[in-house]
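Trainee: I am sharing protein_12.txt, which consists of compact mmCIF, C-alpha atoms and all ligand atoms:
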```
# COMPACT_ATOMS: atom_id res chain seq x y z
CA MET K 645 15.17 -3.70 22.81
CA GLY K 646 14.34 0.03 22.74
CA LEU K 647 15.06 2.41 25.59
CA THR K 648 12.45 3.30 28.19
CA GLY K 649 11.17 6.83 28.56
CA LEU K 650 13.34 7.42 31.62
CA GLU K 651 16.45 6.08 29.88
CA ILE K 652 15.80 8.44 26.98
CA TYR K 653 15.15 11.33 29.37
CA LYS K 654 18.62 10.92 30.89
CA LEU K 655 20.14 11.63 27.46
CA LEU K 656 18.04 14.71 26.64
CA PRO K 657 19.31 18.30 27.28
CA LYS K 658 16.73 18.93 30.06
CA LYS K 659 16.08 22.55 29.05
CA ASN K 660 12.31 22.09 29.25
CA CYS K 661 12.00 24.71 26.53
CA HIS K 662 9.10 22.88 24.82
CA GLU K 663 10.41 23.74 21.35
CA CYS K 664 9.88 20.08 20.45
CA GLY K 665 6.14 20.30 21.16
CA PRO K 666 5.60 18.59 24.54
CA PRO K 667 5.97 20.92 27.56
CA THR K 668 8.97 19.15 29.12
CA CYS K 669 11.93 16.98 28.17
CA LEU K 670 10.34 14.16 30.16
CA ALA K 671 7.09 14.36 28.18
CA PHE K 672 9.13 14.37 24.96
CA ALA K 673 11.09 11.34 26.17
CA MET K 674 7.85 9.46 26.85
CA ALA K 675 6.57 10.36 23.39
CA LEU K 676 9.83 9.14 21.83
CA ALA K 677 9.67 5.86 23.73
CA ALA K 678 6.13 5.34 22.49
CA GLY K 679 7.21 5.99 18.89
CA LYS K 680 4.99 9.08 18.74
CA ALA K 681 7.70 11.70 18.25
CA SER K 682 10.84 12.18 16.20
CA LEU K 683 14.18 13.00 17.77
CA ASP K 684 14.65 15.66 15.07
CA ALA K 685 12.09 17.81 16.90
CA CYS K 686 14.65 18.68 19.56
CA PRO K 687 17.34 21.05 18.23
CA TYR K 688 19.58 20.70 21.29
CA VAL K 689 20.44 17.00 21.33
CA SER K 690 24.21 16.41 21.34
CA ASP K 691 25.79 14.15 18.73
CA GLU K 692 26.63 11.60 21.42
CA ALA K 693 23.09 11.51 22.72
CA ARG K 694 21.74 11.38 19.18
CA ALA K 695 23.81 8.31 18.39
CA ALA K 696 22.50 6.61 21.52
CA LEU K 697 18.94 7.71 20.92
CA ASP K 698 18.71 7.03 17.20
CA SER K 699 17.86 3.40 17.72
CA ALA K 700 15.26 4.27 20.34
CA SER K 701 13.55 6.81 18.12
CA ALA K 702 13.70 4.69 14.95
CA PRO K 703 10.40 3.18 13.82
CA PRO K 704 9.90 -0.36 15.15
CA ILE K 705 10.01 -1.71 11.60
CA ARG K 706 12.25 0.01 9.10
CA LEU K 707 10.85 1.33 5.83
CA VAL K 708 12.60 -0.47 2.95
CA THR K 709 12.23 0.47 -0.71
CA ILE K 710 12.74 -2.03 -3.52
CA GLY K 711 13.10 -0.75 -7.07
CA THR K 712 12.83 2.82 -8.29
CA GLY K 713 10.38 4.99 -10.18
CA GLU K 714 6.62 4.74 -10.38
CA ARG K 715 6.42 1.00 -9.58
CA LYS K 716 8.89 1.02 -6.66
CA LEU K 717 7.72 -0.97 -3.66
CA ASP K 718 7.79 0.43 -0.12
CA ILE K 719 7.48 -2.16 2.65
CA GLY K 720 7.72 -2.07 6.44
CA ASP K 721 7.30 1.06 8.58
CA GLU K 722 4.44 -0.63 10.41
CA THR K 723 3.72 0.39 13.97
CA VAL K 724 0.86 -1.81 15.15
CA LEU K 725 -0.14 -5.46 15.36
CA PHE K 726 -3.75 -4.87 14.50
CA ARG K 727 -5.21 -2.48 11.97
CA HIS K 728 -7.82 -1.17 14.41
CA ASP K 729 -5.00 0.00 16.75
CA LYS K 730 -4.07 2.65 14.18
CA THR K 731 -3.64 1.58 10.56
CA PHE K 732 -1.36 -0.49 8.34
CA PHE K 733 0.81 1.65 6.12
CA HIS K 734 2.34 -0.49 3.39
CA GLU K 735 0.46 -3.31 1.78
CA THR K 736 2.03 -6.70 1.14
CA GLY K 737 4.01 -6.80 -2.10
CA LEU K 738 3.06 -9.73 -4.32
CA GLY K 739 5.75 -11.25 -6.50
CA PHE K 740 6.24 -14.15 -8.88
CA GLU K 741 9.40 -16.15 -9.35
CA LEU K 742 10.81 -16.96 -12.77
CA GLY K 743 13.72 -19.37 -13.24
CA ASP K 744 16.68 -18.58 -15.49
CA ALA K 745 16.49 -22.04 -17.11
CA GLU K 746 13.49 -20.91 -19.15
CA GLY K 747 15.65 -18.79 -21.45
CA PRO K 748 15.48 -15.05 -22.16
CA SER K 749 12.64 -14.90 -24.70
CA ALA K 750 10.26 -17.10 -22.70
CA LEU K 751 11.14 -15.16 -19.56
CA ALA K 752 10.50 -11.83 -21.25
CA GLU K 753 7.04 -12.99 -22.29
CA ARG K 754 6.23 -14.25 -18.80
CA ALA K 755 7.54 -11.02 -17.27
CA ARG K 756 5.28 -8.97 -19.55
CA ASP K 757 2.33 -11.12 -18.47
CA VAL K 758 3.08 -10.53 -14.80
CA ALA K 759 3.57 -6.78 -15.23
CA SER K 760 0.31 -6.45 -17.17
CA LEU K 761 -1.83 -7.93 -14.40
CA ASP K 762 -4.03 -5.01 -13.38
CA PHE K 763 -7.45 -5.22 -11.75
CA GLU K 764 -9.58 -2.13 -11.20
CA ARG K 765 -11.73 -2.27 -8.08
CA VAL K 766 -13.57 0.67 -6.48
CA GLY K 767 -11.43 3.03 -8.51
CA GLN K 768 -8.09 1.56 -7.45
CA HIS K 769 -5.65 -0.37 -9.62
CA LEU K 770 -4.64 -3.63 -7.95
CA ARG K 771 -1.39 -4.94 -9.34
CA VAL K 772 1.45 -7.38 -8.80
CA ASN K 773 4.56 -5.68 -7.42
CA LEU K 774 7.67 -7.78 -7.98
CA ILE K 775 9.30 -10.33 -10.23
CA GLY K 776 11.83 -12.72 -8.76
CA VAL K 777 14.55 -14.00 -11.07
CA ARG K 778 15.88 -17.28 -9.68
CA SER K 779 19.13 -18.96 -10.56
CA ASP K 780 18.14 -22.53 -11.43
CA THR K 781 21.04 -23.19 -13.76
CA GLY K 782 23.66 -22.35 -11.13
CA GLU K 783 25.63 -20.35 -13.70
CA ALA K 784 26.31 -16.62 -13.93
CA GLY K 785 25.81 -16.35 -17.72
CA PRO K 786 22.18 -17.57 -17.92
CA PHE K 787 21.32 -15.64 -14.77
CA ARG K 788 22.68 -12.42 -16.22
CA LEU K 789 20.72 -12.95 -19.46
CA ALA K 790 17.55 -13.79 -17.54
CA VAL K 791 17.80 -10.66 -15.38
CA LYS K 792 18.44 -8.54 -18.47
CA ALA K 793 15.47 -10.02 -20.34
CA VAL K 794 13.05 -9.60 -17.41
CA GLN K 795 14.21 -6.10 -16.66
CA GLU K 796 13.80 -4.98 -20.27
CA ALA K 797 10.37 -6.60 -20.57
CA ALA K 798 8.81 -5.35 -17.34
CA SER K 799 9.18 -2.20 -15.29
CA LEU K 800 8.63 -4.01 -12.00
CA PRO K 801 11.16 -4.12 -9.14
CA LEU K 802 13.20 -7.33 -9.13
CA VAL K 803 14.19 -9.88 -6.53
CA LEU K 804 17.52 -11.42 -7.54
CA MET K 805 17.58 -14.97 -6.19
CA ALA K 806 20.92 -16.76 -6.10
CA GLU K 807 22.98 -18.37 -3.35
CA ASP K 808 26.35 -17.94 -5.03
CA PRO K 809 27.78 -14.41 -4.63
CA GLY K 810 29.47 -14.70 -8.04
CA ILE K 811 26.13 -15.36 -9.74
CA MET K 812 24.47 -12.61 -7.72
CA LYS K 813 27.17 -10.18 -8.80
CA ALA K 814 26.32 -10.84 -12.45
CA GLY K 815 22.65 -10.07 -11.76
CA ILE K 816 23.44 -6.90 -9.87
CA GLU K 817 25.62 -5.67 -12.73
CA GLU K 818 22.61 -5.92 -15.05
CA THR K 819 20.43 -3.89 -12.70
CA ALA K 820 22.69 -0.97 -11.87
CA GLY K 821 20.74 1.76 -10.09
CA ALA K 822 17.47 -0.24 -10.07
CA ARG K 823 17.61 -1.28 -6.38
CA PRO K 824 16.66 -4.95 -6.72
CA LEU K 825 16.25 -6.99 -3.55
CA ILE K 826 19.23 -9.30 -3.14
CA TYR K 827 18.07 -12.73 -1.99
CA ALA K 828 19.62 -14.06 0.16
CA ALA K 829 22.34 -13.73 2.76
CA ALA K 830 22.54 -16.93 4.84
CA GLN K 831 25.14 -18.42 7.18
CA GLY K 832 27.41 -19.62 4.38
CA ASN K 833 27.52 -16.46 2.27
CA TRP K 834 26.36 -13.49 4.34
CA GLU K 835 29.64 -11.59 4.30
CA ALA K 836 29.92 -11.65 0.52
CA MET K 837 26.24 -10.91 0.01
CA ALA K 838 26.30 -8.03 2.50
CA LYS K 839 29.33 -6.60 0.70
CA LEU K 840 27.58 -6.82 -2.68
CA ALA K 841 24.42 -5.20 -1.29
CA LYS K 842 26.35 -2.39 0.35
CA GLN K 843 28.41 -1.67 -2.75
CA ALA K 844 25.33 -1.64 -4.99
CA GLY K 845 23.15 0.28 -2.51
CA CYS K 846 20.53 -2.47 -2.63
CA PRO K 847 18.30 -3.98 0.05
CA VAL K 848 19.30 -7.48 1.06
CA ALA K 849 17.20 -10.37 2.35
CA VAL K 850 18.56 -12.40 5.25
CA ARG K 851 17.47 -16.04 5.56
CA GLY K 852 17.81 -17.86 8.85
CA LYS K 853 17.43 -21.51 9.69
CA ASP K 854 15.15 -20.48 12.55
CA LEU K 855 14.38 -17.26 14.42
CA ASP K 856 17.54 -17.39 16.56
CA ASP K 857 19.67 -17.85 13.48
CA LEU K 858 17.74 -15.06 11.73
CA ALA K 859 18.34 -12.61 14.59
CA ASP K 860 22.04 -13.50 14.60
CA LEU K 861 22.36 -13.02 10.83
CA ALA K 862 20.36 -9.78 10.75
CA THR K 863 22.63 -8.34 13.44
CA LYS K 864 25.75 -9.37 11.51
CA VAL K 865 24.49 -8.03 8.17
CA ALA K 866 23.42 -4.74 9.80
CA GLY K 867 26.86 -4.59 11.43
CA ALA K 868 28.42 -4.96 7.99
CA GLY K 869 26.78 -1.68 6.98
CA CYS K 870 23.53 -2.85 5.35
CA LYS K 871 20.66 -0.73 6.56
CA ASP K 872 17.88 -2.04 4.31
CA ILE K 873 17.26 -5.62 5.35
CA VAL K 874 14.36 -7.98 4.63
CA LEU K 875 13.86 -10.95 6.96
CA ASP K 876 13.17 -14.49 5.78
CA PRO K 877 12.56 -16.82 8.74
CA GLY K 878 13.45 -19.74 6.49
CA SER K 879 10.38 -21.79 7.38
CA ARG K 880 8.67 -23.37 4.40
CA LYS K 881 5.55 -24.84 6.03
CA LEU K 882 2.43 -22.74 6.34
CA ALA K 883 1.84 -23.10 10.08
CA ARG K 884 5.50 -22.56 10.97
CA THR K 885 5.81 -19.56 8.67
CA LEU K 886 2.67 -18.00 10.10
CA ALA K 887 3.97 -18.49 13.64
CA ASP K 888 7.36 -17.05 12.71
CA LEU K 889 5.93 -14.00 10.92
CA THR K 890 3.68 -13.32 13.91
CA GLN K 891 6.54 -13.71 16.37
CA ILE K 892 8.76 -11.40 14.33
CA ARG K 893 6.05 -8.74 14.23
CA ARG K 894 5.31 -9.03 17.94
CA LEU K 895 8.96 -8.78 18.93
CA ALA K 896 9.51 -5.80 16.64
CA ILE K 897 6.44 -3.86 17.76
CA LYS K 898 6.04 -4.82 21.40
CA ARG K 899 9.66 -5.31 22.43
CA LYS K 900 11.40 -3.16 19.85
CA PHE K 901 13.75 -6.06 19.27
CA ARG K 902 16.08 -4.43 16.76
CA PRO K 903 17.24 -7.54 14.83
CA PHE K 904 13.59 -8.02 13.82
CA GLY K 905 12.91 -4.35 13.10
CA TYR K 906 12.73 -4.95 9.33
CA PRO K 907 10.07 -6.00 6.83
CA ASN K 908 9.92 -9.66 5.87
CA ILE K 909 9.43 -12.03 2.98
CA ALA K 910 7.46 -15.30 2.76
CA PHE K 911 7.40 -17.97 0.06
CA VAL K 912 4.39 -19.97 -1.06
CA THR K 913 5.35 -23.64 -1.25
CA CYS K 914 2.06 -25.48 -1.88
CA GLU K 915 1.95 -27.32 -5.20
CA ASP K 916 -1.80 -27.18 -5.70
CA PRO K 917 -2.79 -23.89 -7.44
CA GLU K 918 -5.88 -23.39 -5.27
CA LEU K 919 -3.94 -24.07 -2.05
CA GLN K 920 -1.33 -21.58 -3.21
CA ILE K 921 -3.94 -18.85 -2.99
CA ALA K 922 -4.95 -19.96 0.50
CA GLU K 923 -1.33 -20.07 1.65
CA ALA K 924 -0.54 -16.66 0.17
CA GLY K 925 -3.74 -15.29 1.72
CA VAL K 926 -2.60 -16.40 5.16
CA TYR K 927 0.69 -14.56 4.75
CA VAL K 928 -1.05 -11.43 3.42
CA ALA K 929 -3.30 -11.48 6.49
CA LYS K 930 -0.41 -11.93 8.98
CA TYR K 931 2.16 -10.32 8.50
CA ALA K 932 4.16 -10.73 5.33
CA SER K 933 5.67 -7.64 3.73
CA ILE K 934 6.32 -9.64 0.55
CA VAL K 935 4.76 -12.89 -0.64
CA MET K 936 6.51 -14.71 -3.46
CA MET K 937 4.70 -17.32 -5.57
CA ARG K 938 6.11 -19.74 -8.11
CA SER K 939 3.21 -20.11 -10.53
CA PHE K 940 0.79 -17.44 -11.54
CA GLU K 941 -2.53 -17.23 -13.31
CA ARG K 942 -4.89 -14.29 -13.51
CA TRP K 943 -7.50 -16.14 -11.47
CA GLN K 944 -4.97 -16.68 -8.68
CA VAL K 945 -4.06 -13.03 -8.49
CA LEU K 946 -7.56 -11.54 -8.30
CA PRO K 947 -8.56 -12.98 -4.88
CA LEU K 948 -5.17 -12.10 -3.42
CA VAL K 949 -5.14 -8.47 -4.50
CA THR K 950 -8.77 -8.14 -3.37
CA LEU K 951 -7.95 -9.58 0.06
CA ARG K 952 -4.93 -7.32 0.27
CA GLN K 953 -6.98 -4.27 -0.62
CA ASN K 954 -9.47 -5.05 2.11
CA ILE K 955 -6.84 -5.59 4.79
CA TYR K 956 -4.78 -2.55 3.88
CA THR K 957 -7.59 -0.06 3.36
CA ASP K 958 -7.69 2.33 6.29
CA PRO K 959 -11.23 2.15 7.67
CA GLN K 960 -10.84 5.68 8.98
CA LYS K 961 -10.12 6.97 5.48
CA PRO K 962 -12.87 5.80 3.14
CA ILE K 963 -11.91 5.29 -0.47
CA GLN K 964 -12.95 8.37 -2.38
CA VAL K 965 -13.42 9.42 -5.96
CA GLU K 966 -12.55 12.84 -7.27
CA PRO K 967 -15.35 15.36 -6.73
CA LYS K 968 -16.30 16.66 -10.21
CA LEU K 969 -18.84 16.33 -12.99
CA TYR K 970 -18.79 12.89 -14.65
CA SER K 971 -20.36 11.77 -17.90
CA ILE K 972 -21.81 8.29 -17.37
CA GLY K 973 -23.21 5.72 -19.80
CA GLY K 974 -21.92 7.47 -22.91
CA GLU K 975 -21.40 11.08 -23.89
CA ALA K 976 -23.89 13.12 -21.84
CA GLY K 977 -25.19 16.21 -23.66
CA PRO K 978 -26.91 19.48 -22.62
CA ASP K 979 -30.31 17.75 -22.37
CA SER K 980 -29.10 14.71 -20.39
CA PRO K 981 -30.28 14.14 -16.81
CA LEU K 982 -28.08 15.48 -14.04
CA TYR K 983 -27.75 13.45 -10.83
CA VAL K 984 -25.89 14.49 -7.72
CA THR K 985 -24.23 12.21 -5.17
CA SER K 986 -21.39 11.92 -2.63
CA ASN K 987 -17.75 11.06 -3.32
CA PHE K 988 -17.70 7.83 -1.28
CA SER K 989 -16.36 5.41 -3.87
CA LEU K 990 -18.83 2.62 -3.14
CA THR K 991 -21.70 5.08 -3.55
CA PHE K 992 -20.19 6.44 -6.75
CA PHE K 993 -19.68 3.04 -8.37
CA THR K 994 -23.16 1.86 -7.37
CA VAL K 995 -24.80 4.98 -8.82
CA GLN K 996 -22.59 4.74 -11.90
CA GLY K 997 -23.70 1.14 -12.51
CA ASP K 998 -27.36 2.05 -12.10
CA ILE K 999 -27.10 5.01 -14.46
CA GLU K 1000 -25.44 2.73 -17.02
CA ALA K 1001 -28.27 0.24 -16.53
CA SER K 1002 -30.78 2.98 -17.39
CA LYS K 1003 -29.13 3.24 -20.83
CA VAL K 1004 -29.52 7.03 -20.73
CA PRO K 1005 -26.22 8.93 -20.93
CA SER K 1006 -26.24 11.23 -17.92
CA HIS K 1007 -24.24 13.75 -15.94
CA LEU K 1008 -23.28 12.81 -12.40
CA LEU K 1009 -22.12 15.63 -10.15
CA VAL K 1010 -19.99 14.23 -7.32
CA VAL K 1011 -19.77 16.49 -4.28
CA ASP K 1012 -16.84 16.33 -1.86
CA THR K 1013 -18.25 14.67 1.25
CA GLU K 1014 -14.83 13.49 2.50
CA GLY K 1015 -15.57 9.96 1.38
CA THR K 1016 -18.80 9.49 3.29
CA SER K 1017 -22.05 8.14 1.86
CA VAL K 1018 -25.03 10.35 1.12
CA LEU K 1019 -26.94 9.81 4.35
CA THR K 1020 -23.88 9.86 6.59
CA ALA K 1021 -22.65 13.02 4.89
CA TRP K 1022 -26.04 14.66 5.20
CA ALA K 1023 -26.20 13.84 8.92
CA ALA K 1024 -22.66 15.18 9.38
CA GLY K 1025 -23.34 18.41 7.49
CA LYS K 1026 -21.07 17.42 4.58
CA PHE K 1027 -23.81 17.00 1.96
CA THR K 1028 -25.78 20.20 2.32
CA ALA K 1029 -27.79 22.48 0.03
CA GLU K 1030 -24.96 25.01 0.23
CA LYS K 1031 -22.29 22.46 -0.79
CA ILE K 1032 -24.35 21.13 -3.69
CA ALA K 1033 -25.17 24.66 -4.85
CA ASP K 1034 -21.49 25.52 -4.67
CA ALA K 1035 -20.56 22.38 -6.64
CA LEU K 1036 -23.18 23.23 -9.28
CA SER K 1037 -21.66 26.64 -9.84
CA THR K 1038 -17.94 25.75 -9.61
CA SER K 1039 -17.71 22.36 -11.35
CA GLY K 1040 -18.37 23.50 -14.91
CA THR K 1041 -21.84 21.96 -14.76
CA ILE K 1042 -23.46 25.17 -15.98
CA ASP K 1043 -21.44 25.00 -19.22
CA LYS K 1044 -22.33 21.38 -19.95
CA VAL K 1045 -25.94 21.12 -18.84
CA GLY K 1046 -28.50 23.14 -20.84
CA HIS K 1047 -31.49 22.69 -18.53
CA ARG K 1048 -31.52 23.73 -14.88
CA LYS K 1049 -32.77 20.57 -13.25
CA VAL K 1050 -30.83 18.47 -10.75
CA ILE K 1051 -31.89 15.05 -9.45
CA LEU K 1052 -31.36 14.67 -5.70
CA PRO K 1053 -31.08 11.30 -3.92
CA GLY K 1054 -34.47 10.47 -2.41
CA TYR K 1055 -32.99 9.96 1.06
CA VAL K 1056 -32.20 13.68 1.32
CA ALA K 1057 -35.45 14.97 -0.18
CA ALA K 1058 -35.82 17.19 2.88
CA MET K 1059 -33.20 19.58 1.54
CA SER K 1060 -34.82 20.03 -1.88
CA GLY K 1061 -36.51 23.38 -1.05
CA LYS K 1062 -33.34 24.82 0.40
CA LEU K 1063 -31.30 23.59 -2.54
CA GLU K 1064 -33.68 25.30 -4.99
CA GLU K 1065 -33.35 28.48 -2.99
CA LYS K 1066 -29.54 28.33 -2.78
CA SER K 1067 -28.84 27.21 -6.33
CA GLY K 1068 -31.69 28.55 -8.40
CA TRP K 1069 -31.98 25.08 -9.99
CA GLU K 1070 -35.18 23.06 -10.12
CA VAL K 1071 -34.78 20.02 -7.87
CA LEU K 1072 -36.27 16.66 -8.79
CA VAL K 1073 -36.37 14.14 -5.96
CA GLY K 1074 -34.89 10.92 -7.28
CA PRO K 1075 -35.30 7.39 -5.95
CA ARG K 1076 -34.05 6.57 -2.43
CA GLU K 1077 -31.90 3.75 -3.78
CA SER K 1078 -29.98 4.25 -6.99
CA SER K 1079 -31.33 0.92 -8.24
CA GLY K 1080 -34.52 2.89 -8.93
CA ILE K 1081 -32.77 5.16 -11.44
CA PRO K 1082 -33.72 3.20 -14.61
CA SER K 1083 -37.45 3.32 -13.85
CA PHE K 1084 -37.20 6.88 -12.48
CA VAL K 1085 -35.58 8.28 -15.60
CA LYS K 1086 -38.11 6.53 -17.81
CA ALA K 1087 -41.06 7.95 -15.88
CA ARG K 1088 -39.75 11.44 -15.09
CA TRP K 1089 -37.32 12.24 -17.89
CA GLY K 1090 -39.31 10.78 -20.75
CA ALA K 1091 -36.41 8.52 -21.70
S1 LIG K 1101 13.28 20.80 22.59
FE1 LIG K 1101 14.76 19.40 23.57
S2 LIG K 1101 15.46 20.56 25.34
FE2 LIG K 1101 13.59 21.52 24.69
S3 LIG K 1101 11.95 20.51 25.86
FE3 LIG K 1101 12.14 19.41 23.95
S4 LIG K 1101 13.56 17.79 24.44
FE4 LIG K 1101 13.79 19.27 26.05
```
Please go through the file and, once you have read it, give me the structure as structure tokens.
Ligand code: SF4
Mentor:
Amino acid sequence: MGLTGLEIYKLLPKKNCHECGPPTCLAFAMALAAGKASLDACPYVSDEARAALDSASAPPIRLVTIGTGERKLDIGDETVLFRHDKTFFHETGLGFELGDAEGPSALAERARDVASLDFERVGQHLRVNLIGVRSDTGEAGPFRLAVKAVQEAASLPLVLMAEDPGIMKAGIEETAGARPLIYAAAQGNWEAMAKLAKQAGCPVAVRGKDLDDLADLATKVAGAGCKDIVLDPGSRKLARTLADLTQIRRLAIKRKFRPFGYPNIAFVTCEDPELQIAEAGVYVAKYASIVMMRSFERWQVLPLVTLRQNIYTDPQKPIQVEPKLYSIGGEAGPDSPLYVTSNFSLTFFTVQGDIEASKVPSHLLVVDTEGTSVLTAWAAGKFTAEKIADALSTSGTIDKVGHRKVILPGYVAAMSGKLEEKSGWEVLVGPRESSGIPSFVKARWGA
């Protein structure tokens, strides 16, 4: 369990110099205990005190990175039980298991299929994150070949899944420097697995028989020098796994129970493909850092990545598109209509779809409204005549649009006079809803 504010205070230098930010050492201690400050902010902490305080100031759930490069997966570093308390930081990684008995060429093909899964939704790419290579043959040779084939075929981080340290060693040798997740250290093999993970600088998953066993193992593996640990409660029934994942999260966040201060991994065990989605969805909702599935189809992935996107989108930071001039519905020319809107992604994609439906290639000038919709931005002073006039003159619109007419959303018609005055452009008041664009452009643009 973490230290209390007063316990931390006893270890601080007590200079009350406020160089750390808060006015006193006591205030800083309270902030540290609440996880709202970093010990690094105080330059006067002794090495002894730092060692004692490090665990208190560490985040309740450690950030663990699997893989390297552009597709590396960061998990953990969560600080709350509920998104509305603050936000969730790292979305659940989705992975698919492949068995080494399939043979290298079949595995390579399947790995390419997994890596190519990519769904675009409100401007974001939703993708699968991991491939697990499982030792089904129980032999080092086929496992090594399988790992090699999957790694060459797909640039995704790997989960190496073998119980025998000798087999695991073969897999690790094929992935030098790639930081695969080593799965798993359990009661019978944890010393050897921890040694392999430490030598290779890889994260290691710890699998317990139950939560007590898991806490015991995590403590031992951490004591063996492994800092990056992933917890597997070992339960393989939906209700039990859900209860365990919830308990782990609660103990880590509320009690700062260090053995559970790591991200976790859950395994889908349902046989039925539709139930697999439901089971994985439960784990995405609460509180899996990684969900591994055995079978995969495109139709199974789409609902999961969509659910994940919804849960892990910060409601305080709306999804935005880049503010700039877009050409929509084909190559817009100098005589094409010019619409203006906000950079809230849902607004953008709705307007984009309606412009495409009009079948008239058009310019769409997107103004930076900090991700708010047209009306909200207008009410908040973020979608003003001045901002639109500025966007018209700085976005390159003048070079691409031959006429000097801009179509304003009907909801903000009230600013049309001011916009004409500020920009020098003629303002046409467009429909209130973008669904009216096809009929508007036909009637007013002669299209
Ligand atoms: S910088 Fe250190 S010594 Fe100074 S007030 Fe903060 S905690 Fe106390």
Trainee: Might you pull out every residue within 9 Å of region 823-840 of chain K, with all atoms listed in the file counted and same-chain residues fewer than 3 positions away left off, and present them as an MDAnalysis selection string?
Mentor: chainID K and resid 709:712 776 801:809 812:813 816 819:820 843:853 857:858 861 864:866 868:870 874 876
Trainee: List the spatial neighbours of Leu707 (chain K) as number ranges by chain - criterion: any atom at most 9 Å away, all atoms listed in the file, same-chain residues fewer than 5 positions off excluded.
Mentor: K: 718-722, 872, 906-907
Trainee: Per residue of chain K within 12 Å of ligand LIG 1101 (chain K), which atom pair is closest and at what distance in Å (one decimal), using all atoms listed in the file, listed by chain and increasing number, as a Markdown table?
Mentor:
```
| residue | atom | partner | partner_atom | distance |
| --- | --- | --- | --- | --- |
| K:Gly649 | CA | K:LIG1101 | S4 | 12.0 |
| K:Ile652 | CA | K:LIG1101 | S4 | 9.9 |
| K:Tyr653 | CA | K:LIG1101 | S4 | 8.3 |
| K:Lys654 | CA | K:LIG1101 | S4 | 10.7 |
| K:Leu655 | CA | K:LIG1101 | S4 | 9.5 |
| K:Leu656 | CA | K:LIG1101 | S4 | 5.9 |
| K:Pro657 | CA | K:LIG1101 | S2 | 4.9 |
| K:Lys658 | CA | K:LIG1101 | FE4 | 5.0 |
| K:Lys659 | CA | K:LIG1101 | S2 | 4.3 |
| K:Asn660 | CA | K:LIG1101 | S3 | 3.8 |
| K:Cys661 | CA | K:LIG1101 | FE2 | 4.0 |
| K:His662 | CA | K:LIG1101 | S3 | 3.8 |
| K:Glu663 | CA | K:LIG1101 | S1 | 4.3 |
| K:Cys664 | CA | K:LIG1101 | S1 | 4.1 |
| K:Gly665 | CA | K:LIG1101 | FE3 | 6.7 |
| K:Pro666 | CA | K:LIG1101 | FE3 | 6.6 |
| K:Pro667 | CA | K:LIG1101 | S3 | 6.2 |
| K:Thr668 | CA | K:LIG1101 | S3 | 4.6 |
| K:Cys669 | CA | K:LIG1101 | FE4 | 3.6 |
| K:Leu670 | CA | K:LIG1101 | FE4 | 7.4 |
| K:Ala671 | CA | K:LIG1101 | S3 | 8.2 |
| K:Phe672 | CA | K:LIG1101 | S4 | 5.6 |
| K:Ala673 | CA | K:LIG1101 | S4 | 7.1 |
| K:Met674 | CA | K:LIG1101 | S4 | 10.4 |
| K:Ala675 | CA | K:LIG1101 | S4 | 10.3 |
| K:Leu676 | CA | K:LIG1101 | S4 | 9.8 |
| K:Ala681 | CA | K:LIG1101 | S4 | 10.5 |
| K:Ser682 | CA | K:LIG1101 | S4 | 10.3 |
| K:Leu683 | CA | K:LIG1101 | S4 | 8.2 |
| K:Asp684 | CA | K:LIG1101 | S1 | 9.2 |
| K:Ala685 | CA | K:LIG1101 | S1 | 6.5 |
| K:Cys686 | CA | K:LIG1101 | S1 | 3.9 |
| K:Pro687 | CA | K:LIG1101 | S1 | 6.0 |
| K:Tyr688 | CA | K:LIG1101 | FE1 | 5.5 |
| K:Val689 | CA | K:LIG1101 | FE1 | 6.6 |
| K:Ser690 | CA | K:LIG1101 | FE1 | 10.2 |
| K:Ala693 | CA | K:LIG1101 | FE1 | 11.5 |
| K:Arg694 | CA | K:LIG1101 | FE1 | 11.5 |
| K:Leu697 | CA | K:LIG1101 | S4 | 12.0 |
```
Trainee: If you measure from CA of Lys1003 (chain K) to CA of Ala1033 (chain K), what distance in Å do you get, rounded to one decimal?
Mentor: 27.0 Å
Trainee: So what do you get for CA of Met936 (chain K) versus CA of Leu761 (chain K), distance-wise?
Mentor: 15.3 Å
Trainee: Rank K:Gly782, K:Gly737, K:Gly1074, K:Gly713 by their smallest atom-to-atom distance to Ile909 (chain K), using only C-alpha atoms, and report the top residue only.
Mentor: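 Looking only at the distances to Ile909 (chain K), the closest residue turns out to be K:Gly737.
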Trainee: Got a sec: who's within 9 Å of Ala1029 (chain K), counting all atoms listed in the file, leaving out chain neighbours fewer than 6 positions off, as a list in words?
Mentor: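 The filter keeps Met1059, Ser1060, Gly1061, Lys1062, Leu1063, Glu1064, Glu1065, Lys1066 and Ser1067 of chain K.
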Trainee: Which residue, K:Ala678, K:Glu1014, K:Phe940, K:Val1073, has the smallest gap to Glu915 (chain K) when you use only C-alpha atoms?
Mentor: K:Phe940
Trainee: Using all atoms listed in the file, which protein or nucleic acid residues come within 9 Å of Pro917 (chain K)? Drop anything in the same chain fewer than 2 positions from it, and give the result as an MDAnalysis selection string.
Mentor: chainID K and resid 914:915 919:921 939:941 944
